[in-house]
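Source file: work_32.cif. Holds: mmCIF, C-alpha atoms.
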```
data_target
loop_
_atom_site.label_atom_id
_atom_site.label_comp_id
_atom_site.auth_asym_id
_atom_site.auth_seq_id
_atom_site.Cartn_x
_atom_site.Cartn_y
_atom_site.Cartn_z
CA MET E 79 -0.27 23.76 -118.82
CA VAL E 80 3.20 22.64 -118.00
CA PHE E 81 3.59 25.70 -115.76
CA THR E 82 0.44 24.87 -113.81
CA LEU E 83 1.58 21.30 -113.19
CA CYS E 84 4.89 22.54 -111.76
CA ILE E 85 3.11 24.88 -109.37
CA ARG E 86 0.91 22.02 -108.09
CA ARG E 87 3.95 19.79 -107.44
CA SER E 88 5.75 22.59 -105.58
CA ALA E 89 2.70 23.20 -103.39
CA SER E 90 2.45 19.49 -102.57
CA ARG E 91 6.10 19.35 -101.57
CA LEU E 92 5.77 22.41 -99.33
CA ALA E 93 2.73 20.89 -97.58
CA SER E 94 4.67 17.70 -96.93
CA VAL E 95 7.62 19.62 -95.53
CA TYR E 96 5.38 21.74 -93.22
CA GLY E 97 3.64 18.58 -91.96
CA ARG E 98 6.94 16.94 -90.97
CA VAL E 99 8.09 20.10 -89.23
CA ALA E 100 4.82 20.39 -87.23
CA ARG E 101 4.98 16.74 -86.14
CA SER E 102 8.56 17.08 -85.01
CA GLN E 103 7.69 20.17 -82.98
CA SER E 104 4.75 18.47 -81.26
CA ILE E 105 6.88 15.43 -80.40
CA SER E 106 9.58 17.70 -78.94
CA THR E 107 7.00 19.50 -76.84
CA VAL E 108 5.61 16.22 -75.43
CA ALA E 109 9.10 15.00 -74.65
CA VAL E 110 9.89 18.18 -72.79
CA VAL E 111 6.71 17.89 -70.78
CA ASN E 112 7.39 14.27 -69.94
CA ARG E 113 10.95 15.02 -68.87
CA SER E 114 9.78 17.86 -66.62
CA SER E 115 7.42 15.46 -64.82
CA LEU E 116 10.38 13.22 -63.98
CA VAL E 117 12.29 16.01 -62.20
CA PRO E 118 11.69 15.71 -58.39
CA ASN E 119 10.03 18.52 -56.50
CA PRO E 120 12.72 20.46 -54.60
CA SER E 121 10.44 20.78 -51.57
CA SER E 122 10.15 16.99 -51.36
CA LEU E 123 13.94 16.68 -51.26
CA LEU E 124 14.02 18.88 -48.14
CA ARG E 125 11.43 16.77 -46.26
CA PRO E 126 13.13 14.72 -43.45
CA PHE E 127 12.80 10.94 -43.66
CA VAL E 128 12.16 9.10 -40.35
CA SER E 129 11.70 5.35 -40.42
CA ARG E 130 9.18 3.53 -38.24
CA SER E 131 11.91 1.34 -36.82
CA PHE E 132 13.76 4.45 -35.62
CA LEU E 133 10.67 5.79 -33.84
CA TYR E 134 9.99 2.39 -32.25
CA SER E 135 13.60 2.13 -31.09
CA THR E 136 13.43 5.61 -29.50
CA VAL E 137 10.20 4.85 -27.62
CA THR E 138 11.57 1.50 -26.42
CA THR E 139 14.77 3.11 -25.15
CA GLU E 140 12.85 5.77 -23.21
CA ARG E 141 10.59 3.11 -21.67
CA LEU E 142 13.55 0.98 -20.61
CA LYS E 143 15.21 3.99 -18.97
CA SER E 144 12.06 4.85 -17.02
CA ASP E 145 11.67 1.20 -15.96
CA GLU E 146 15.27 1.05 -14.76
CA THR E 147 14.78 4.21 -12.71
CA LEU E 148 11.61 2.77 -11.15
CA ILE E 149 13.35 -0.52 -10.34
CA GLN E 150 16.19 1.35 -8.60
CA VAL E 151 13.65 3.20 -6.42
CA ILE E 152 11.85 -0.06 -5.61
CA ASP E 153 15.15 -1.77 -4.72
CA SER E 154 15.91 1.03 -2.27
CA GLU E 155 12.48 0.61 -0.67
CA ILE E 156 12.94 -3.18 -0.49
CA LYS E 157 16.25 -2.72 1.31
CA ASP E 158 14.72 -0.38 3.91
CA ALA E 159 11.67 -2.61 4.39
CA PHE E 160 13.84 -5.72 4.77
CA GLU E 161 16.01 -4.08 7.43
CA ALA E 162 12.91 -2.99 9.34
CA ASP E 163 11.46 -6.49 9.08
CA VAL E 164 14.65 -8.12 10.38
CA GLN E 165 14.78 -5.79 13.38
CA GLY E 166 11.29 -6.81 14.46
CA GLU E 167 11.60 -10.49 13.67
CA GLU E 168 11.33 -11.94 17.17
CA GLU E 169 7.86 -13.29 17.85
CA THR E 170 6.69 -15.91 20.30
CA THR E 171 3.21 -17.14 21.13
CA ASP E 172 4.19 -19.81 23.68
CA SER E 173 2.48 -18.23 26.65
CA ASP E 174 -0.52 -18.93 28.85
CA ASP E 175 -1.57 -15.33 28.22
CA PHE E 176 -1.88 -16.13 24.51
CA PRO E 177 -3.91 -19.35 24.13
CA PHE E 178 -4.76 -18.84 20.45
CA LYS E 179 -3.44 -20.42 17.28
CA ILE E 180 -2.52 -17.84 14.64
CA GLU E 181 -3.54 -18.37 11.00
CA ASP E 182 -1.66 -15.85 8.90
CA ASN E 183 -1.83 -16.06 5.10
CA PRO E 184 0.69 -13.87 3.21
CA GLY E 185 -1.02 -11.35 0.97
CA HIS E 186 -4.07 -10.97 3.22
CA ARG E 187 -4.82 -8.02 5.50
CA ASN E 188 -6.43 -10.03 8.28
CA VAL E 189 -5.15 -12.64 10.72
CA THR E 190 -7.36 -15.33 12.25
CA LEU E 191 -7.03 -16.54 15.85
CA THR E 192 -8.66 -19.83 16.87
CA ARG E 193 -8.99 -21.87 20.04
CA GLU E 194 -11.36 -24.23 21.84
CA TYR E 195 -12.78 -23.30 25.22
CA ASN E 196 -15.02 -25.70 27.17
CA GLY E 197 -16.53 -27.13 24.00
CA GLU E 198 -16.89 -23.72 22.34
CA GLN E 199 -15.06 -22.70 19.19
CA ILE E 200 -13.53 -19.25 19.49
CA ARG E 201 -12.60 -17.43 16.29
CA VAL E 202 -11.16 -13.92 16.15
CA GLU E 203 -10.65 -11.94 12.93
CA VAL E 204 -7.91 -9.36 13.54
CA SER E 205 -7.51 -6.44 11.11
CA MET E 206 -4.62 -4.05 10.56
CA PRO E 207 -4.14 -1.40 13.28
CA GLY E 208 -5.78 1.95 12.69
CA SER E 209 -6.40 5.24 14.43
CA MET E 210 -9.76 6.55 15.52
CA ASP E 211 -10.88 9.77 13.94
CA GLU E 212 -11.44 12.50 16.51
CA ASN E 213 -14.76 13.18 14.85
CA GLU E 214 -15.85 9.57 15.35
CA ASP E 215 -15.31 9.18 19.06
CA ASP E 216 -18.65 7.39 19.72
CA GLY E 217 -20.01 10.19 21.85
CA MET E 218 -17.00 10.62 24.12
CA ASP E 219 -16.98 13.74 26.25
CA ASP E 220 -14.86 16.63 25.05
CA ASN E 221 -12.35 16.25 27.85
CA GLU E 222 -8.68 15.40 27.95
CA ASP E 223 -9.25 11.66 28.46
CA GLY E 224 -11.71 11.51 25.58
CA ASN E 225 -9.31 13.23 23.19
CA GLU E 226 -6.45 10.93 24.18
CA LYS E 227 -8.62 7.87 23.53
CA ALA E 228 -9.64 9.23 20.13
CA ASN E 229 -5.99 9.57 19.10
CA GLU E 230 -4.91 6.12 20.27
CA THR E 231 -4.12 3.38 17.80
CA SER E 232 -6.53 0.48 17.83
CA ILE E 233 -7.20 -2.95 16.35
CA PRO E 234 -10.59 -3.92 14.90
CA LEU E 235 -11.70 -7.38 16.06
CA VAL E 236 -14.60 -9.65 15.16
CA VAL E 237 -15.00 -12.33 17.83
CA THR E 238 -17.24 -15.32 17.14
CA VAL E 239 -18.10 -17.79 19.91
CA THR E 240 -19.83 -20.91 18.53
CA LYS E 241 -21.60 -23.63 20.53
CA LYS E 242 -21.79 -27.29 19.46
CA SER E 243 -25.36 -26.72 18.34
CA GLY E 244 -24.16 -24.15 15.83
CA LEU E 245 -25.60 -21.19 17.69
CA SER E 246 -23.05 -18.37 17.96
CA LEU E 247 -22.46 -14.91 19.33
CA GLU E 248 -20.60 -12.40 17.19
CA PHE E 249 -18.92 -9.40 18.81
CA SER E 250 -17.63 -6.40 16.90
CA CYS E 251 -14.84 -4.93 19.04
CA THR E 252 -12.17 -2.28 19.03
CA ALA E 253 -9.06 -3.13 21.05
CA PHE E 254 -7.07 -0.28 22.61
CA PRO E 255 -3.81 -0.67 24.55
CA ASP E 256 -5.60 -0.60 27.89
CA ALA E 257 -9.17 -1.66 27.10
CA ILE E 258 -11.44 -3.54 24.72
CA VAL E 259 -14.59 -1.79 23.57
CA ILE E 260 -17.57 -3.84 22.38
CA ASP E 261 -19.21 -1.99 19.50
CA GLY E 262 -21.90 -4.50 18.60
CA LEU E 263 -23.34 -7.92 19.43
CA SER E 264 -25.49 -10.31 17.40
CA VAL E 265 -26.83 -13.86 17.74
CA ASN E 266 -26.39 -16.09 14.67
CA HIS E 267 -28.18 -19.32 13.82
CA SER E 268 -25.91 -21.29 11.50
CA GLU E 269 -28.52 -24.02 10.96
CA LYS E 270 -30.77 -21.54 9.09
CA SER E 271 -29.90 -21.22 5.47
CA SER E 272 -30.24 -18.00 3.54
CA SER E 273 -32.98 -19.57 1.39
CA GLU E 274 -35.09 -20.23 4.50
CA GLU E 275 -34.69 -16.66 5.69
CA GLY E 276 -35.55 -15.29 2.28
CA GLU E 277 -35.48 -11.53 1.93
CA GLN E 278 -36.43 -10.90 5.54
CA LEU E 279 -34.08 -8.77 7.63
CA THR E 280 -32.88 -10.39 10.84
CA TYR E 281 -33.07 -8.59 14.16
CA ASP E 282 -29.54 -8.11 15.54
CA GLY E 283 -30.61 -6.73 18.89
CA PRO E 284 -30.32 -3.20 20.28
CA ASP E 285 -27.25 -1.02 20.15
CA PHE E 286 -24.75 -2.43 22.64
CA GLN E 287 -24.36 0.90 24.40
CA GLU E 288 -28.10 0.90 25.07
CA LEU E 289 -27.89 -2.30 27.12
CA ASP E 290 -27.94 -2.25 30.89
CA GLU E 291 -24.55 -1.37 32.36
CA ASN E 292 -24.36 -4.62 34.33
CA MET E 293 -25.06 -6.60 31.14
CA ARG E 294 -22.32 -4.73 29.29
CA LYS E 295 -19.80 -5.45 32.08
CA SER E 296 -20.84 -9.12 32.12
CA PHE E 297 -20.20 -9.45 28.37
CA HIS E 298 -16.73 -7.93 28.81
CA LYS E 299 -15.99 -10.58 31.45
CA PHE E 300 -17.47 -13.18 29.10
CA LEU E 301 -14.90 -12.29 26.43
CA GLU E 302 -12.06 -11.96 28.92
CA ALA E 303 -12.66 -15.51 30.17
CA ARG E 304 -12.28 -16.72 26.57
CA GLY E 305 -8.96 -14.95 26.09
CA ILE E 306 -10.04 -11.59 24.67
CA LYS E 307 -8.15 -9.26 27.00
CA PRO E 308 -5.60 -6.43 26.77
CA SER E 309 -2.55 -8.72 27.15
CA VAL E 310 -3.64 -10.63 24.02
CA THR E 311 -4.57 -7.56 22.02
CA ASP E 312 -1.28 -5.83 22.92
CA PHE E 313 0.60 -8.79 21.49
CA MET E 314 -1.61 -8.78 18.41
CA TYR E 315 -0.99 -5.08 17.91
CA GLU E 316 2.76 -5.71 17.73
CA TYR E 317 2.18 -8.74 15.52
CA MET E 318 -0.01 -6.83 13.08
CA MET E 319 2.49 -3.99 12.86
CA LYS E 320 5.16 -6.51 11.86
CA LYS E 321 2.73 -8.15 9.44
CA ASP E 322 2.14 -4.78 7.82
CA SER E 323 5.90 -4.49 7.23
CA ARG E 324 6.05 -8.02 5.80
CA GLU E 325 3.10 -7.42 3.51
CA TYR E 326 4.66 -4.19 2.28
CA LEU E 327 7.90 -6.02 1.53
CA LEU E 328 6.01 -8.74 -0.36
CA TRP E 329 4.08 -6.11 -2.30
CA LEU E 330 7.31 -4.38 -3.33
CA LYS E 331 8.80 -7.66 -4.57
CA ASN E 332 5.69 -8.43 -6.60
CA LEU E 333 5.79 -4.92 -8.02
CA LYS E 334 9.43 -5.33 -9.04
CA ASN E 335 8.69 -8.69 -10.69
CA PHE E 336 5.97 -7.04 -12.76
CA ILE E 337 8.23 -4.21 -13.95
CA GLN E 338 11.03 -6.64 -14.85
CA GLU E 339 8.78 -9.06 -16.73
#
```

Take the structure in the file and write it out as structure tokens.
Amino acid sequence: MVFTLCIRRSASRLASVYGRVARSQSISTVAVVNRSSLVPNPSSLLRPFVSRSFLYSTVTTERLKSDETLIQVIDSEIKDAFEADVQGEEETTDSDDFPFKIEDNPGHRNVTLTREYNGEQIRVEVSMPGSMDENEDDGMDDNEDGNEKANETSIPLVVTVTKKSGLSLEFSCTAFPDAIVIDGLSVNHSEKSSSEEGEQLTYDGPDFQELDENMRKSFHKFLEARGIKPSVTDFMYEYMMKKDSREYLLWLKNLKNFIQE
């Protein structure tokens, strides 16, 4: 009896000891696992770190360098354009051969000429000089004179002659160094509003080249009497060439201001 009781106590003690050992082993295992999770991944240590501020600074520096290069190129162009503008600065319109007043607004391609002639208001819209395409020579013969005319520089003109009543003639012209060609002619009624005309198409007359030769010559004399002649258009050609240089210089300055802003 006494022997049996001793065996039971020994077994109870052994079970208690084994339980403490098992718990200590499980705690050690969890601790090891937790510690291993705290150790950084070696591959993550090798990954390069680049801040956003560094990337932004790099992009900004590259942009500033490209802007500075562009500004230097623009400054060089401004210098050349200014020298060319100064060389062609002399202009005078005080002449009986040039009876028009010039309205020239910087930044615009066209120049407007105005004058009064025997109660009529003369208005001429002058565009930048151009060159006729050899393929658009308005039916010129394929001879030497026709080819030379096709290669000449020219000035597009729109001449409007208005009477006191408001009735006006509008001429579409091309001015060459030695001649003025009338491309089209229309009669305009300023007293008629667009609402009165509605959607109806107005009749502008036949093609000017289809008119009788004597009528065509008479209209050329009509314009010449009002100041539209080669001496005027020659001056305007030189004027528009200088204007082109001035407008280019103004454009360059505006471009530089934009880059610097």

Task: Interatomic distance, CA of Gly305 in chain E to CA of Tyr326 in chain E (Å, one decimal) - done: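 Value for the CA of Gly305 in chain E-CA of Tyr326 in chain E distance: 29.5 Å.
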
- [ ] Work out how far apart CA of Asp175 in chain E and CA of Phe160 in chain E are and give it in Å to one decimal.
- [x]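 So the answer is 29.7 Å.
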
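For the file at hand, the PyMOL selection byres ((chain E and resi 287) around 10) resolves to Asp216, Ile260, Asp261, Gly262, Pro284, Asp285, Phe286, Glu288, Leu289, Asp290, Glu291 and Arg294 of chain E.
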
Open item on the list: Give me, as a ChimeraX atom specification, all polymer residues having an atom no more than 9 Å from Tyr281 in chain E, counting only C-alpha atoms and skipping those fewer than 2 positions away in the same chain.
Closed with: /E:264-265,279,283-284

TODO: Find the distance between CA of Pro177 in chain E and CA of Leu191 in chain E and write it in Å to one decimal.
DONE: 9.3 Å

Taking the file as shown, what set of residues would the PyMOL selection byres ((chain E and resi 187) around 10) give back, as a PDB file with C-alpha atoms, in the coordinates of the input?
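What follows is the written file expr24.pdb:
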```pdb
ATOM      1  CA  ASP E 182      -1.660 -15.850   8.900  1.00  0.00           C
ATOM      2  CA  ASN E 183      -1.830 -16.060   5.100  1.00  0.00           C
ATOM      3  CA  PRO E 184       0.690 -13.870   3.210  1.00  0.00           C
ATOM      4  CA  GLY E 185      -1.020 -11.350   0.970  1.00  0.00           C
ATOM      5  CA  HIS E 186      -4.070 -10.970   3.220  1.00  0.00           C
ATOM      6  CA  ASN E 188      -6.430 -10.030   8.280  1.00  0.00           C
ATOM      7  CA  VAL E 189      -5.150 -12.640  10.720  1.00  0.00           C
ATOM      8  CA  VAL E 204      -7.910  -9.360  13.540  1.00  0.00           C
ATOM      9  CA  SER E 205      -7.510  -6.440  11.110  1.00  0.00           C
ATOM     10  CA  MET E 206      -4.620  -4.050  10.560  1.00  0.00           C
ATOM     11  CA  MET E 318      -0.010  -6.830  13.080  1.00  0.00           C
ATOM     12  CA  LYS E 321       2.730  -8.150   9.440  1.00  0.00           C
ATOM     13  CA  ASP E 322       2.140  -4.780   7.820  1.00  0.00           C
ATOM     14  CA  GLU E 325       3.100  -7.420   3.510  1.00  0.00           C
TER      15      GLU E 325
END
```
